[in-house]
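> I have a structure here, written as structure tokens, and I will follow up with some questions on it.
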Amino acid sequence: MNLPRPVADLICLGRDIVSHPRMVLLNRGHHRWTSAGVIAAAAVASTGTPAGHHLLAAAVLVAGPFWALDVIGALAHGLWQSGRIWSDLECQCCGDDPDDEDDDPDPDEPTDDDGFAADIETWLKDITPTRNA
């Protein structure tokens, strides 16, 4: 079954917040706060319209829980960074995970006389041009 991306993300968020609430909160500390933007846009759009309060209420009902999760996540991440809570966790976004480090930062750049670019350069030198007579 192919679900739209936002629906699949909501399902994953619901599953993860139940099974790993501390990790979800730490990761939400890095969230882009798009839900706050939705609420702000609805507030601007609703000004001066007769049914503006309905639009704002709908935006708060839809985006409000995500905005609250972002705020709680930002607070939790700040407390985590200061070492006050969850010292046994590493943040996936800003932690020093050894698996995230790249051993060779630029693998295409040749080191000394080896590498992909050096192989191509050698191959190009070895090719003899053919002439049509």
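Order determines the names: the first chain of the structure tokens is A, the second B, and so forth; residues in each chain are numbered 1 upward, and ligands are numbered 1 upward as they are shown.
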With only C-alpha atoms as the counted atoms, please give the residues lying no more than 6 Å from A:Leu25, apart from itself and same-chain residues fewer than 3 positions off, as a PyMOL selection string.
chain A and resi 22+28+73
> Tell me which protein, DNA and RNA residues are within 9 Å of A:Trp33, counting only C-alpha atoms, leaving out same-chain ones fewer than 6 positions away, and put them as a short mmCIF file (atom, residue, chain, number, x, y, z; two decimals) with N, CA, C and O atoms, in the first residue's frame.

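Result written to part-v6.cif:
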```cif
data_model
loop_
_atom_site.label_atom_id
_atom_site.label_comp_id
_atom_site.auth_asym_id
_atom_site.auth_seq_id
_atom_site.Cartn_x
_atom_site.Cartn_y
_atom_site.Cartn_z
N PHE A 66 1.69 19.36 16.98
CA PHE A 66 3.05 19.26 16.46
C PHE A 66 3.90 20.43 16.96
O PHE A 66 5.09 20.26 17.25
N TRP A 67 3.29 21.61 17.05
CA TRP A 67 4.00 22.76 17.57
C TRP A 67 4.35 22.54 19.04
O TRP A 67 5.47 22.84 19.47
N ASP A 70 7.23 20.26 19.20
CA ASP A 70 8.45 20.97 18.86
C ASP A 70 8.97 21.78 20.04
O ASP A 70 10.17 21.80 20.32
N VAL A 71 8.07 22.47 20.74
CA VAL A 71 8.47 23.29 21.89
C VAL A 71 9.01 22.40 23.01
O VAL A 71 10.08 22.68 23.58
#
```
> Need to verify the contact set: A:Pro21, 12 Å, only C-alpha atoms, exclusion of same-chain residues closer than 4 positions in sequence. Can you return it as a list of chain:residue names?
A:Leu13, A:Gly14, A:Arg15, A:Asp16, A:Ile17, A:Leu25, A:Leu26, A:Asn27, A:Arg28, A:Leu69, A:Ile72, A:Gly73, A:Ala76, A:Trp86, A:Leu89
> Write out as a PyMOL selection string the residues lying within 12 Å of A:Ala40, counting only C-alpha atoms and excluding same-chain residues fewer than 3 positions away.
chain A and resi 33-37+43-47+55-57+59-60+63-64+67
> Would you export the selected residues with N, CA and C atoms as a CSV table (one decimal), in the first residue's frame, please?

```csv
chain,number,residue,atom,x,y,z
A,33,TRP,N,10.1,23.7,12.9
A,33,TRP,CA,9.0,24.5,13.4
A,33,TRP,C,8.0,24.9,12.3
A,34,THR,N,7.8,24.0,11.3
A,34,THR,CA,6.8,24.3,10.3
A,34,THR,C,5.4,24.4,10.8
A,35,SER,N,5.1,23.7,11.9
A,35,SER,CA,3.7,23.8,12.4
A,35,SER,C,3.5,25.2,13.0
A,36,ALA,N,4.5,25.8,13.6
A,36,ALA,CA,4.3,27.2,14.0
A,36,ALA,C,4.1,28.2,12.9
A,37,GLY,N,4.7,27.9,11.8
A,37,GLY,CA,4.5,28.7,10.6
A,37,GLY,C,3.1,28.6,10.0
A,43,ALA,N,-3.1,32.7,11.1
A,43,ALA,CA,-3.5,33.9,11.9
A,43,ALA,C,-3.4,35.2,11.0
A,44,VAL,N,-2.4,35.3,10.1
A,44,VAL,CA,-2.4,36.4,9.2
A,44,VAL,C,-3.5,36.4,8.2
A,45,ALA,N,-3.8,35.2,7.7
A,45,ALA,CA,-4.9,35.0,6.7
A,45,ALA,C,-6.3,35.3,7.3
A,46,SER,N,-6.4,35.0,8.6
A,46,SER,CA,-7.7,35.1,9.2
A,46,SER,C,-8.1,36.5,9.6
A,47,THR,N,-7.1,37.4,9.6
A,47,THR,CA,-7.4,38.8,10.1
A,47,THR,C,-8.3,39.5,9.1
A,55,LEU,N,-10.8,29.6,10.7
A,55,LEU,CA,-9.6,29.2,10.0
A,55,LEU,C,-8.5,29.0,11.0
A,56,LEU,N,-8.4,30.0,11.9
A,56,LEU,CA,-7.3,29.9,13.0
A,56,LEU,C,-7.5,28.8,13.9
A,57,ALA,N,-8.8,28.5,14.3
A,57,ALA,CA,-9.1,27.3,15.1
A,57,ALA,C,-8.7,26.0,14.4
A,59,ALA,N,-6.4,25.6,12.1
A,59,ALA,CA,-4.9,25.6,12.1
A,59,ALA,C,-4.3,25.1,13.4
A,60,VAL,N,-4.9,25.7,14.5
A,60,VAL,CA,-4.4,25.3,15.8
A,60,VAL,C,-4.7,23.9,16.1
A,63,ALA,N,-2.2,21.8,13.6
A,63,ALA,CA,-0.8,22.0,13.7
A,63,ALA,C,-0.4,22.2,15.2
A,64,GLY,N,-1.3,22.5,16.1
A,64,GLY,CA,-1.0,22.7,17.5
A,64,GLY,C,-0.3,21.6,18.2
A,67,TRP,N,3.3,21.6,17.1
A,67,TRP,CA,4.0,22.8,17.6
A,67,TRP,C,4.4,22.5,19.0
```
> Compare A:Ala74, A:Gly83, A:Val38, A:Trp123 by their minimum atom-to-atom distance to A:Ala58, counting only C-alpha atoms, and give me the closest one.
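Between A:Ala74, A:Gly83, A:Val38, A:Trp123, the residue approaching A:Ala58 most closely is A:Val38.
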> Write out as a list in words the set of residues from stretch 57-98 of chain A that DSSP, computed on the backbone, places in helix (DSSP H, G or I).
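Going through stretch 57-98 of chain A, the helix (DSSP H, G or I) residues come out as Ala57, Ala58, Ala59, Val60, Leu61, Val62, Ala63, Gly64, Pro65, Phe66, Trp67, Ala68, Leu69, Asp70, Val71, Ile72, Gly73, Ala74, Leu75, Ala76, His77, Gly78, Leu79, Trp80 and Gln81 of chain A.
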